[in-house]
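Here the structure comes first, spelled out in structure tokens, and everything after it is commentary.
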Amino acid sequence: MQSSNVINYDYSVAKLFSYAAILFGIIGMGIGVFIAYQMAFPELNYLAGEYGTFSRLRPLHTSGVIFGFMLSGIFATWYYVGQRVLKVSVAESPFLMFIGKLHFWLYMVVMLVAVVSLFAGVSTSKEYAELEWPLDIGVVVVWVLWGVHMFGLIGIRREKTLYISVWYYIATFLGVAMLYLFNNMEVPTYFVAGMGKWYHSVSMYAGTNDALVQWWYGHNAVAFIFTVAIIAQIYYFLPKESGQPVYSYKLSLLSFWGLMFVYLWAGGHHLIYSTVPDWMQTMGSIFSIVLILPSWGSAINMLLTMKGEWGQLKENPLIKFMVLASTFYMFSTIEGPIQSIKSVNALAHFTDWIPGHVHDGTLGWVGFMTMAAMYHMAPRMFKRELYSKKLMESQFWIQTTGIVLYFSSMWIAGITQGMMWRATDQFGNLSYSFIDTVTVLIPYYVIRATGGLLYLIGFFIFTYNFYKTMTASKAIENEPQHASPMAA
Amino acid sequence: MFHWLEKNPFFFAVGVFVVIAYAGIVEILPDFAERARPVEGRKPYTVLQLAGRDVYIKDSCNACHSQLIRPFKSETDRYGMYSLSGEFAYDRPFLWGSKRTGPDLMRVGNYRTTDWHENHMLDPTSIVPGSIMPAYKHMFNNVADIETAYAEAYTVKKVFNVPYDQPDMPKLGTWDEAQKAVLEEAKPIVEAMKSQEVKEAYARGEIKEIVAIIAYLNSLK
Ligand code: HEM
Ligand SMILES: [Fe+2]
């Protein structure tokens, strides 16, 4: 046993998941840019037969970025942050070391099979839960392994008080486990009928109930993957990188328990004016507004952590990434509640404004935070300084421009579409045929796809910078306390 | 209390779980049975329609099409009567979708026909200039998986008591009977189509995916 002040943290699993995040980031975002262009130029649907149509590729994009990129980022940071805030090295427990590696490799196998199956059109149709039952079992095993690692490490910790990030990792683990299990309840048809495809299944729930469970899941997948696990990261990386203590412990506490309590109730905002009971829609609406409080609580806590230290924003691009991430988090969590107001939802639902909202959160908040975390980890994992500050600066501006193009074009497109669907002439007849409302959007689709392309280019710059940091950057002797060292 | 929880991971986890599970229980469990009750006259899908529905899912048409008509005049004018909960009682999974890049399809069977679909699926722009819907030529080659569709119908009958084989309801019967029924049901669709490939396949006893999906689209009313 090492003594607690010279712990040699082991980053082997954190590194593996970092590589996976980069790999799936490129694949997932690459497909995203491609399908965005398909919406503007439908000829692009025919490059790979049935496997290249928009509709086959869209689930690959969503699963690729959510379960490939984001989740790998979450795992990578867990394997990095977990040890540090619990003051215990994974290397101290051969068992946990083994579980960590098994977790990674099994995850890769499941992802690989998932990609193949989605290309083949094997799908349950449920958004972010398309995988058929054999893969669902694989996902559950992967998740349980993560849990074993998490609670195992907590079990042998030296630091008795769990740091805020750990609260959020625990919540991610439990929340996703519960949601995934219930939403994927399905009956394999082969086992009942003894014929047909062995991997086919049928949902346990029908119609409105199925929708309710699906959006209870869909909404909270956003809560526990895109939000809770990313807050876990910012609570560690922003104070660490800036050298500033978290602004307010009380606010962290309030935001955490507030978020846990409120989030689940807001799922109804995906089903407004559908056939689910009115009271649920109303609850969804109201709790979405309440949700602003704990969401902004965390974001403001982060921004105030930088109080009096705004100068760092100029000197350190990592801080810039994280501050912009919190800002986009505030942005999505005010936009979402606005879209939850019944009359606004009547206009916004089913339109391009929804993907617009989604990408404020995913590109601005999740993407930026994940990349910032990896930039912070790289010098510590590889004992080298970051390869180029200049590249980071250009990446920042290219990607920010990309996001702005994305959401502004989708706002205009969504609102235009919603207004045209309901427009009537003086006799009360619908003014536009459906196709009119499609062709008018093409220019916005081009702008959106180009915004996405800029973001992807930025991601390539990030990849290059990360790779160069690993292989060709100047070695450092002592681990930096705070600001990550970087070459100009 | 919170300080204590932060030192006791087990109780911390239990606390988190209780707080998040609570909402789900209160929201989802009550009325579960009520929402699942079919409206008067609603019938489960036939095996051919189910095979078509599986094609719809395989090619993720729900990525661009909704099947949920909201209770606004602008929607009922465009698509027909707004949706009722009981109309979805046999939909496993539900296919409401979340994005209308193309129009709602919940009642498309009321205003589109087999030959319209055949031409449209082969080349959407030839029917609707400016359409950004992909062509689905491969459905004219791929054979529909009737066996899996039968297994699905059989499963929901056994496990969820979906009323196949009851008076006034679609017949499921044995696999042999079902195969005959599928060919029977496909016949008028194949006859209304012009693709030689589809007709020849039918003569060999094969149902192409396009036939199944048209049967499904026609059933949406
Ligand atoms: C207070 C917080 C938030 C609220 C109240 C909220 C509300 C909403 C609403 C009303 C919709 C549209 C539902 C519809 O009409 O189709 C939506 C969709 C969505 N939001 Fe949020 N949002 C919030 C934060 C976020 C954040 C931070 C992210 C991502 C990081 C996010 C990701 C998504 C996604 C992925 C969808 C798309 C679901 C679909 O496919 O239809 N949301 N949200
Ligand atoms: Fe939501």
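Letters A, B, ... go to the chains of the structure tokens in the order shown; residues in each chain start at 1; ligands are counted from 1 in the same order.
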
| message | Around ligand 1, which protein and nucleic acid residues have at least one atom no more than 6 Å from it, if we count only C-alpha atoms and all ligand atoms? List them as a PyMOL selection string. | response | (chain A and resi 222+226-227+269-270+288+291-292+329+332-333+336-337+339-340+345+349-350+354+358+361-362) or (chain B and resi 98)

Restricting the output to C-alpha atoms, write the selected residues as a PDB file, in the first residue's frame.
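Below you can see part-v5.pdb, which holds the result:
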ATOM      1  CA  VAL A 222     -31.022  13.565 -21.663  1.00  0.00           C
ATOM      2  CA  PHE A 226     -26.298  14.695 -21.344  1.00  0.00           C
ATOM      3  CA  THR A 227     -26.685  16.613 -18.125  1.00  0.00           C
ATOM      4  CA  HIS A 269     -43.135  17.973 -22.304  1.00  0.00           C
ATOM      5  CA  HIS A 270     -42.369  15.555 -25.130  1.00  0.00           C
ATOM      6  CA  SER A 288     -40.061  22.127 -16.991  1.00  0.00           C
ATOM      7  CA  LEU A 291     -36.358  22.863 -13.792  1.00  0.00           C
ATOM      8  CA  ILE A 292     -34.748  26.179 -14.641  1.00  0.00           C
ATOM      9  CA  TYR A 329     -26.111  24.819 -20.684  1.00  0.00           C
ATOM     10  CA  SER A 332     -30.596  25.105 -23.490  1.00  0.00           C
ATOM     11  CA  THR A 333     -32.191  25.047 -20.086  1.00  0.00           C
ATOM     12  CA  GLY A 336     -36.305  23.937 -23.211  1.00  0.00           C
ATOM     13  CA  PRO A 337     -38.744  25.390 -20.683  1.00  0.00           C
ATOM     14  CA  GLN A 339     -40.631  25.036 -25.672  1.00  0.00           C
ATOM     15  CA  SER A 340     -42.520  23.314 -22.875  1.00  0.00           C
ATOM     16  CA  ASN A 345     -44.936  23.549 -28.031  1.00  0.00           C
ATOM     17  CA  HIS A 349     -43.153  20.228 -31.757  1.00  0.00           C
ATOM     18  CA  PHE A 350     -42.297  18.132 -34.848  1.00  0.00           C
ATOM     19  CA  ILE A 354     -36.362  20.755 -31.722  1.00  0.00           C
ATOM     20  CA  VAL A 358     -30.967  19.602 -28.978  1.00  0.00           C
ATOM     21  CA  GLY A 361     -27.110  21.362 -25.577  1.00  0.00           C
ATOM     22  CA  THR A 362     -25.151  18.608 -27.217  1.00  0.00           C
TER      23      THR A 362
ATOM     24  CA  SER B  98     -40.710  13.211 -33.061  1.00  0.00           C
TER      25      SER B  98
END

field: Backbone DSSP call of strand (DSSP E or B) for segment 96-318 of chain A, listed as an MDAnalysis selection string
entry: chainID A and resid 186:188 201:203

Mind dumping the selected residues with N, CA and C atoms as a short mmCIF file (atom, residue, chain, number, x, y, z; two decimals), in the first residue's frame?
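And here's part.cif as it stands now:
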data_model
loop_
_atom_site.label_atom_id
_atom_site.label_comp_id
_atom_site.auth_asym_id
_atom_site.auth_seq_id
_atom_site.Cartn_x
_atom_site.Cartn_y
_atom_site.Cartn_z
N GLU A 186 -39.09 -6.01 -23.30
CA GLU A 186 -39.64 -6.51 -24.56
C GLU A 186 -39.69 -8.03 -24.53
N VAL A 187 -40.59 -8.59 -25.32
CA VAL A 187 -40.73 -10.04 -25.34
C VAL A 187 -40.11 -10.58 -26.63
N PRO A 188 -39.07 -11.40 -26.52
CA PRO A 188 -38.49 -11.99 -27.73
C PRO A 188 -39.52 -12.92 -28.39
N SER A 201 -38.09 -8.78 -31.26
CA SER A 201 -38.88 -8.71 -30.04
C SER A 201 -40.04 -7.75 -30.23
N VAL A 202 -40.97 -7.79 -29.27
CA VAL A 202 -42.08 -6.87 -29.33
C VAL A 202 -42.22 -6.19 -27.96
N SER A 203 -42.55 -4.90 -27.99
CA SER A 203 -42.55 -4.11 -26.77
C SER A 203 -43.58 -4.61 -25.76
#

- prompt: Which residues in segment 233-390 of chain A does DSSP call alpha helix (DSSP H)? List them as a PyMOL selection string.
  reply: chain A and resi 233-242+249-263+278-290+292-305+311-315+317-340+342-348+353-359+368-382+389-390

Counting only C-alpha atoms, which residues of chain B fall within 6 Å of chain A, and what is the closest atom pair for each with its distance in Å at one decimal, ordered by chain and rising number, as JSON lines?
{"residue": "B:Glu6", "atom": "CA", "partner": "A:Leu162", "partner_atom": "CA", "distance": 5.3}
{"residue": "B:Lys7", "atom": "CA", "partner": "A:Thr161", "partner_atom": "CA", "distance": 4.7}
{"residue": "B:Val19", "atom": "CA", "partner": "A:Phe261", "partner_atom": "CA", "distance": 5.6}
{"residue": "B:Ile20", "atom": "CA", "partner": "A:Met260", "partner_atom": "CA", "distance": 5.9}
{"residue": "B:Ala23", "atom": "CA", "partner": "A:Trp265", "partner_atom": "CA", "distance": 5.8}
{"residue": "B:Ile57", "atom": "CA", "partner": "A:Ser125", "partner_atom": "CA", "distance": 5.7}
{"residue": "B:Lys58", "atom": "CA", "partner": "A:Gly121", "partner_atom": "CA", "distance": 4.5}
{"residue": "B:Asp59", "atom": "CA", "partner": "A:Arg56", "partner_atom": "CA", "distance": 5.8}
{"residue": "B:Ser60", "atom": "CA", "partner": "A:Ser55", "partner_atom": "CA", "distance": 5.1}
{"residue": "B:Ala63", "atom": "CA", "partner": "A:Ser55", "partner_atom": "CA", "distance": 6.0}
{"residue": "B:Arg70", "atom": "CA", "partner": "A:Tyr273", "partner_atom": "CA", "distance": 5.8}
{"residue": "B:Ser74", "atom": "CA", "partner": "A:Arg422", "partner_atom": "CA", "distance": 5.1}
{"residue": "B:Ser85", "atom": "CA", "partner": "A:Thr275", "partner_atom": "CA", "distance": 5.0}
{"residue": "B:Phe88", "atom": "CA", "partner": "A:Gly207", "partner_atom": "CA", "distance": 4.4}
{"residue": "B:Ala89", "atom": "CA", "partner": "A:Gly207", "partner_atom": "CA", "distance": 5.2}
{"residue": "B:Asp91", "atom": "CA", "partner": "A:Gly207", "partner_atom": "CA", "distance": 5.0}
{"residue": "B:Arg92", "atom": "CA", "partner": "A:Ala206", "partner_atom": "CA", "distance": 4.9}
{"residue": "B:Pro93", "atom": "CA", "partner": "A:Ser203", "partner_atom": "CA", "distance": 5.6}
{"residue": "B:Phe94", "atom": "CA", "partner": "A:Gly207", "partner_atom": "CA", "distance": 4.8}
{"residue": "B:Ser98", "atom": "CA", "partner": "A:Phe350", "partner_atom": "CA", "distance": 5.5}
{"residue": "B:Lys99", "atom": "CA", "partner": "A:Phe350", "partner_atom": "CA", "distance": 4.1}
{"residue": "B:Arg100", "atom": "CA", "partner": "A:Phe350", "partner_atom": "CA", "distance": 5.0}
{"residue": "B:Ile132", "atom": "CA", "partner": "A:Pro42", "partner_atom": "CA", "distance": 5.4}
{"residue": "B:Glu147", "atom": "CA", "partner": "A:Gly196", "partner_atom": "CA", "distance": 4.9}
{"residue": "B:Thr148", "atom": "CA", "partner": "A:Gly196", "partner_atom": "CA", "distance": 3.8}
{"residue": "B:Ala151", "atom": "CA", "partner": "A:Ala193", "partner_atom": "CA", "distance": 5.1}
{"residue": "B:Glu152", "atom": "CA", "partner": "A:Thr189", "partner_atom": "CA", "distance": 5.6}
{"residue": "B:Thr155", "atom": "CA", "partner": "A:Val192", "partner_atom": "CA", "distance": 5.7}

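Note that atom CA of Ala372 of chain A and atom CA of Thr327 of chain A are 14.3 Å apart.
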
Legend entry - Shortest interatomic distance to ligand 2 - which of A:Ile286, A:Leu254, A:Ala223, A:Met377, counting only C-alpha atoms and all ligand atoms: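 Ranked by minimum distance to ligand 2, first place goes to A:Ala223.
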
One residue among A:Glu393, A:Glu385, A:Glu335, A:Glu477 is nearest to ligand 2 when using only C-alpha atoms and all ligand atoms, and that residue is A:Glu335

- Leaving out segment 458-472 of chain A and any residue of its chain fewer than 5 positions from it, which residues lie within 6 Å of it when counting only C-alpha atoms, given as a PyMOL selection string? chain A and resi 382+386-387+395+399

Let me see the file: selected residues, C-alpha atoms, as an mmCIF file, in the first residue's frame.
data_model
loop_
_atom_site.group_PDB
_atom_site.id
_atom_site.type_symbol
_atom_site.label_atom_id
_atom_site.label_comp_id
_atom_site.auth_asym_id
_atom_site.auth_seq_id
_atom_site.Cartn_x
_atom_site.Cartn_y
_atom_site.Cartn_z
ATOM 1 C CA PHE A 382 0.788 11.360 -21.014
ATOM 2 C CA LEU A 386 -0.514 20.223 -24.710
ATOM 3 C CA TYR A 387 0.785 20.419 -28.226
ATOM 4 C CA GLN A 395 -10.738 25.120 -32.901
ATOM 5 C CA GLN A 399 -16.696 25.267 -33.530
#
